[in-house]
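Student: There's a structure below that I have some questions on.
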Amino acid sequence: MEKRIAVLPGDGIGPEVMAGCQRVLEAVVDRFNHHFVFTEGKIGGCAIDAEGTPLPDATIKLCEESDAILLGAVGGPKWDGGPSQLRPEKGLLGIRKKMGLFANLRPVTTVKSLIPASPLKEHLVNHVDLLIVRELTGGLYFGEPSGRDGDAVVDTLQYTKAEIERIVRKAFELAQVRRHKLTSVDKANVLESSKMWREIVNQVAPDYPDVEVEHQLVDSAAMQLIRYPEQFDVIVTENLFGDILSDEASMLTGSLGMLPSASLRSDAVGMYEPVHGSAPDIAGKGIANPLAMIMSAAMMLRYSFNMHKEANAMEVAVQQTLEEGYHTSDLAIEKGTVLKTSALVDKVIEQFSGNDTVAGILETYA
Ligand SMILES: NC(=O)C1=CN([C@@H]2O[C@H](COP(=O)(O)OP(=O)(O)OC[C@H]3O[C@@H](n4cnc5c(N)ncnc54)[C@H](O)[C@@H]3O)[C@@H](O)[C@H]2O)C=CC1
Ligand SMILES: CC(C)CC(=O)C(=O)O
Ligand SMILES: [Mg+2]
């Protein structure tokens with residue numbers, strides 16, 4: 001099956017993790033006779049340098065003409081302090097908005113061999129498998145007015161009922177195919193936007209009678225994520241809260257380099273991006289963890305292309321690699337082996353021929 005994939009590596013470690021991800025994807029599609037056409041575009045700081053804008057028209061066109069988008073990360077100190085329209089992050093926010101990608105799915109799943117790598121290991125009584133559903137195209141990051149007037153500064157938090165309802169319904173639907181529990185996170189004791197958010201959750205809940213609903217205030221939810229993360233199945237929340245809570249939740253797995261994401265709308269087109277940023281502190285050293293990017297590509301196979309066996313094979317390959325003790329230096333595995341980015345990617349690709357479980361998935365469905 002032919003698929004057109006827009007590849008936006010971005011800045012910092014973005015190109016490093018993207019290169020590894022593409023190698024794994026090529027290994028997968030070889031086995032299944034798919035035909036993926038990768039076309040590269042610029043976004044973020046590299047686009048500012050080359051084109052004078054963080055989101056060139058050519059990149060928008062490429063994304064609009066593609067079946068799915070892979071994005072690495074944007075930003076870095078080189079572009080800090082510039083005018084707000086010339087910040088790399090504007091390119092990322094811009095493409096999310098332009099493509100209408102309102103639902104950002106951020107799964108947080110612990111791998112057994114990595115639990116000792118988590119700073120929170122003492123609290124991880126059981127395996128954690130939760131999904132943060134973050135609203136991605138509204139809220140504080142997009143509200144107008146936003147800017148400075150002398151010593152005064154303003155940012156605006158704005159949502160419409162329709163924007164809240166569509167993300168809440170998406171989260172209910174996801175809870176229906178998981179463990180049937182939805183935690184809505186807000187700040188309804190203070191914010192008008194959160195009061196409306198909570199009302200809408202309660203209004204639509206009767207349409208999903210098989211889903212148990214609870215509300216948590218965001219400050220307490222941040223604490224509960226560390227105290228007792230196993231209580232969560234699906235968490236739904238607005239843009240800023242979801243951004244912060246997902247970085248926090250990544251530490252349950254041991255590293256920010258472990259969290260993938262899918263940014264979706266109502267059709268099959270999606271953008272797939274790791275939760276982490278451009279990590280300027282390690283960029284260029286060849287040590288970035290590529291697994292969040294690789295698992296984001298697995299989400300692309302699942303959500304945009306309906307290729308569930310292929311996605312399973314990728315995820316199993318990642319898990320087996322970690323179970324065998326191979327990892328990058330952001331993680332720790334007892335008696336494990338620290339590898340650089342490209343060597344870890346090699347180990348993941350080896351799983352496609354060498355590992356019984358992955359080979360089994362491939363044989364069964366090839
Ligand atoms: N989606 C995106 O493109 C995002 C971009 N950013 C941008 O990235 C730049 C750096 O932001 P930070 O706050 O430092 O966040 P960051 O996520 O880039 O890095 C935070 C920490 O996690 C580590 N880390 C992140 N990803 C890793 C990986 N794959 N492997 C190993 N270690 C990893 C970094 O080395 C750093 O110590 C900023 O310009 C920021 O605006 C930040 C978050 C998301
Ligand atoms: C530009 C930022 C909103 C990127 C980020 O931190 C994220 O989406 O997680
Ligand atoms: Mg973030």
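Scheme for the structure tokens: letters A, B, ... for chains in order shown; per-chain residue numbers from 1; ligand numbers from 1 in order shown.
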Grab me every residue within 7 Å of ligand 1, counting only C-alpha atoms and all ligand atoms, and send it over as a VMD selection string.
Tutor: chain A and resid 72 to 77 89 92 255 to 257 273 to 282 287 to 290 292 330
Student: List the neighbours of range 212-215 of chain A out to 10 Å using only C-alpha atoms; skip same-chain residues closer than 5 positions along the sequence, and give me the result as a ChimeraX atom specification.
Tutor: /A:172,175-176,179-188,198,201-202,205,221,234-236
Student: Within 9 Å of ligand 3, counting only C-alpha atoms and all ligand atoms, which protein or nucleic acid residues do you find, written as a PyMOL selection string?
Tutor: chain A and resi 240+242-247+275-277
Student: Enumerate as a PyMOL selection string all residues of range 89-327 of chain A assigned to helix (DSSP H, G or I) by DSSP on the backbone, naming them with the chain letters and numbers the document uses.
Tutor: chain A and resi 89-98+112-117+121-123+139-141+161-176+192-207+218-227+229-231+239-253+256-258+291-303+308-323
Student: For ligand 2, which of A:Glu135, A:Glu324, A:Asp356, A:Asp267 is the closest residue, counting only C-alpha atoms and all ligand atoms?
Tutor: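 Result for the nearest residue to ligand 2: A:Glu135.
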Student: Interatomic distance between CA of Lys78 in chain A and atom 9 (O, counted along the ligand's line) of ligand 2?
Tutor: 19.5 Å
Student: Separation of CA of Ile69 in chain A and CA of Leu25 in chain A, in Å?
Tutor: 13.4 Å
Student: So that I can check the surroundings of Val154 in chain A, please list as JSON, numbers by chain every protein, DNA and RNA residue that reaches within 10 Å of it, counting only C-alpha atoms and ignoring chain neighbours fewer than 6 positions away.
Tutor: {"A": [143, 144, 145, 146, 147, 148]}
Student: Check the smallest atom-to-atom distance from each of A:Thr160, A:Ser194, A:Ser250, A:Ser263 to Phe102 in chain A using only C-alpha atoms, then report the winner.
Tutor: A:Ser263
Student: Just checking: using only C-alpha atoms and all ligand atoms, which residue out of A:Gln203, A:Gln224, A:Thr137, A:Thr337 ends up closest to ligand 2?
Tutor: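 The closest residue to ligand 2 is A:Thr137.
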Student: Do you have the CA of Gly325 in chain A-CA of Leu114 in chain A distance handy?
Tutor: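 Computing the Euclidean distance for CA of Gly325 in chain A and CA of Leu114 in chain A yields 9.1 Å.
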Student: Could you give me, as a list in words, the residues within 12 Å of Arg23 in chain A, counting only C-alpha atoms and dropping anything in the same chain fewer than 3 positions from it?
Tutor: Glu16, Val17, Met18, Ala19, Gly20, Glu26, Ala27, Val28, Val29, Asp30, Phe36, Phe38, Pro290, Met293, Ile294, Ala297, Met314, Thr341, Ser342, Ala343, Leu344, Val345, Asp346, Lys347, Val348, Ile349 and Glu350 of chain A
Student: Using only C-alpha atoms, pick whichever of A:Ala47, A:Met258, A:Met196, A:Val204 has the shortest atom-to-atom distance to Val168 in chain A.
Tutor: A:Val204
Student: With only C-alpha atoms and all ligand atoms as the basis for distance, which of A:Lys309, A:Arg96, A:Lys61, A:Arg4 is at the shortest distance from ligand 2?
Tutor: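 The answer is A:Arg96, which sits nearest to ligand 2.
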Student: Can you list, as a list of chain:residue names, every protein, DNA or RNA residue that comes within 7 Å of Ala311 in chain A when you count only C-alpha atoms, leaving out same-chain residues fewer than 3 positions away?
Tutor: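 Surrounding residues, per the criterion: A:Ala298, A:Met299, A:Leu301, A:Arg302, A:Met307, A:His308, A:Met314, A:Glu315.
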Student: With N, CA and C atoms retained, write the just-selected residues as a short mmCIF file (atom, residue, chain, number, x, y, z; two decimals), in the first residue's frame.
Tutor:
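Output below, filename result09.cif:
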```
data_model
loop_
_atom_site.label_atom_id
_atom_site.label_comp_id
_atom_site.auth_asym_id
_atom_site.auth_seq_id
_atom_site.Cartn_x
_atom_site.Cartn_y
_atom_site.Cartn_z
N ALA A 298 5.02 4.16 15.19
CA ALA A 298 4.12 3.01 15.36
C ALA A 298 2.68 3.50 15.52
N MET A 299 2.51 4.63 16.23
CA MET A 299 1.16 5.19 16.36
C MET A 299 0.63 5.64 15.00
N LEU A 301 1.29 4.20 12.12
CA LEU A 301 0.84 2.99 11.43
C LEU A 301 -0.56 2.61 11.92
N ARG A 302 -0.76 2.75 13.23
CA ARG A 302 -2.04 2.32 13.81
C ARG A 302 -3.16 3.30 13.47
N MET A 307 -2.63 -0.04 10.15
CA MET A 307 -1.68 -1.16 10.04
C MET A 307 -1.33 -1.65 11.46
N HIS A 308 -2.25 -2.40 12.04
CA HIS A 308 -2.11 -2.75 13.45
C HIS A 308 -1.01 -3.78 13.70
N MET A 314 6.46 -3.16 15.67
CA MET A 314 7.40 -2.10 16.07
C MET A 314 7.46 -1.97 17.59
N GLU A 315 6.29 -1.99 18.21
CA GLU A 315 6.26 -1.80 19.67
C GLU A 315 6.90 -2.99 20.40
#
```
Student: From the set A:Ala262, A:Ile115, A:Ile48, A:Ala58, which residue has the shortest atom-to-atom contact distance to ligand 2, counting only C-alpha atoms and all ligand atoms?
Tutor: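 The closest residue to ligand 2 is A:Ala262.
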Student: When DSSP is applied to the backbone of this structure, which of range 69-290 of chain A are assigned strand (DSSP E or B)? Write them out as number ranges by chain.
Tutor: A: 69-73, 103-109, 129-135, 147-149, 152-154, 181-186, 212-217, 234-237, 262-264, 270-272
Student: How about saving the chosen residues, C-alpha atoms kept, as an mmCIF file, in the first residue's frame?
Tutor:
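result_37.cif, freshly written:
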```
data_model
loop_
_atom_site.group_PDB
_atom_site.id
_atom_site.type_symbol
_atom_site.label_atom_id
_atom_site.label_comp_id
_atom_site.auth_asym_id
_atom_site.auth_seq_id
_atom_site.Cartn_x
_atom_site.Cartn_y
_atom_site.Cartn_z
ATOM 1 C CA ILE A 69 3.261 13.687 9.164
ATOM 2 C CA LEU A 70 6.260 12.722 11.273
ATOM 3 C CA LEU A 71 7.738 15.556 13.333
ATOM 4 C CA GLY A 72 10.977 15.484 15.363
ATOM 5 C CA ALA A 73 11.232 18.596 17.552
ATOM 6 C CA ALA A 103 -6.533 15.690 19.835
ATOM 7 C CA ASN A 104 -3.088 14.843 21.175
ATOM 8 C CA LEU A 105 -2.804 11.280 22.489
ATOM 9 C CA ARG A 106 0.134 10.692 24.831
ATOM 10 C CA PRO A 107 0.342 7.103 26.088
ATOM 11 C CA VAL A 108 2.447 6.451 29.191
ATOM 12 C CA THR A 109 3.417 2.808 29.499
ATOM 13 C CA ASP A 129 -0.654 2.054 31.308
ATOM 14 C CA LEU A 130 -2.404 5.395 31.019
ATOM 15 C CA LEU A 131 -3.327 7.719 28.173
ATOM 16 C CA ILE A 132 -3.266 11.501 28.375
ATOM 17 C CA VAL A 133 -5.671 13.092 25.883
ATOM 18 C CA ARG A 134 -4.588 16.702 25.542
ATOM 19 C CA GLU A 135 -6.573 19.391 23.707
ATOM 20 C CA GLY A 147 1.462 40.365 24.069
ATOM 21 C CA ARG A 148 3.064 43.195 25.989
ATOM 22 C CA ASP A 149 2.053 46.761 26.578
ATOM 23 C CA ALA A 152 1.784 44.947 31.357
ATOM 24 C CA VAL A 153 1.534 41.572 29.683
ATOM 25 C CA VAL A 154 -1.426 39.457 28.655
ATOM 26 C CA LYS A 181 -12.320 5.038 33.203
ATOM 27 C CA LEU A 182 -12.008 8.741 32.376
ATOM 28 C CA THR A 183 -10.388 11.342 34.638
ATOM 29 C CA SER A 184 -11.088 14.901 33.557
ATOM 30 C CA VAL A 185 -8.465 17.315 34.861
ATOM 31 C CA ASP A 186 -9.249 21.021 35.279
ATOM 32 C CA GLU A 212 -16.738 5.743 34.878
ATOM 33 C CA VAL A 213 -16.026 9.497 35.090
ATOM 34 C CA GLU A 214 -14.195 11.449 37.753
ATOM 35 C CA HIS A 215 -12.920 15.021 38.007
ATOM 36 C CA GLN A 216 -9.596 16.049 39.515
ATOM 37 C CA LEU A 217 -8.139 19.507 40.003
ATOM 38 C CA VAL A 234 -7.610 7.939 30.282
ATOM 39 C CA ILE A 235 -6.936 11.514 31.406
ATOM 40 C CA VAL A 236 -8.538 14.332 29.389
ATOM 41 C CA THR A 237 -7.411 17.898 29.850
ATOM 42 C CA ALA A 262 -0.282 11.206 18.016
ATOM 43 C CA SER A 263 -1.911 14.507 17.073
ATOM 44 C CA LEU A 264 -5.216 13.692 15.402
ATOM 45 C CA GLY A 270 -2.372 12.769 11.804
ATOM 46 C CA MET A 271 0.951 14.169 12.945
ATOM 47 C CA TYR A 272 3.194 11.938 15.026
#
```
Student: Using only C-alpha atoms, determine which residues lie at most 12 Å from Pro116 in chain A, disregarding the query and same-chain residues fewer than 5 positions distant; provide the list as a list in words.
Tutor: Thr110, Val111, Lys121, Glu122, His123, Leu124, Val125, Met251, Leu252, Thr253, Gly254, Ser255, Leu331, Ala332, Ile333, Glu334, Lys335 and Gly336 of chain A
Student: So that I have them on file, write out the residues from the current selection with C-alpha atoms, as a PDB file, in the first residue's frame.
Tutor:
```pdb
ATOM      1  CA  THR A 110       6.032   1.380  31.794  1.00  0.00           C
ATOM      2  CA  VAL A 111       8.317  -1.375  30.492  1.00  0.00           C
ATOM      3  CA  LYS A 121      10.220   3.298  41.204  1.00  0.00           C
ATOM      4  CA  GLU A 122       9.344   3.004  44.908  1.00  0.00           C
ATOM      5  CA  HIS A 123       5.830   4.180  44.057  1.00  0.00           C
ATOM      6  CA  LEU A 124       5.347   2.047  40.967  1.00  0.00           C
ATOM      7  CA  VAL A 125       3.605  -0.859  42.587  1.00  0.00           C
ATOM      8  CA  MET A 251       9.268  10.067  34.446  1.00  0.00           C
ATOM      9  CA  LEU A 252       7.121   7.091  35.425  1.00  0.00           C
ATOM     10  CA  THR A 253       8.728   5.338  32.464  1.00  0.00           C
ATOM     11  CA  GLY A 254      12.247   6.538  33.334  1.00  0.00           C
ATOM     12  CA  SER A 255      12.782   9.193  30.652  1.00  0.00           C
ATOM     13  CA  LEU A 331      17.797   5.295  31.091  1.00  0.00           C
ATOM     14  CA  ALA A 332      19.214   2.716  33.461  1.00  0.00           C
ATOM     15  CA  ILE A 333      18.832  -1.053  33.319  1.00  0.00           C
ATOM     16  CA  GLU A 334      20.538  -3.353  35.785  1.00  0.00           C
ATOM     17  CA  LYS A 335      23.377  -5.131  33.957  1.00  0.00           C
ATOM     18  CA  GLY A 336      22.215  -3.326  30.805  1.00  0.00           C
TER      19      GLY A 336
END
```
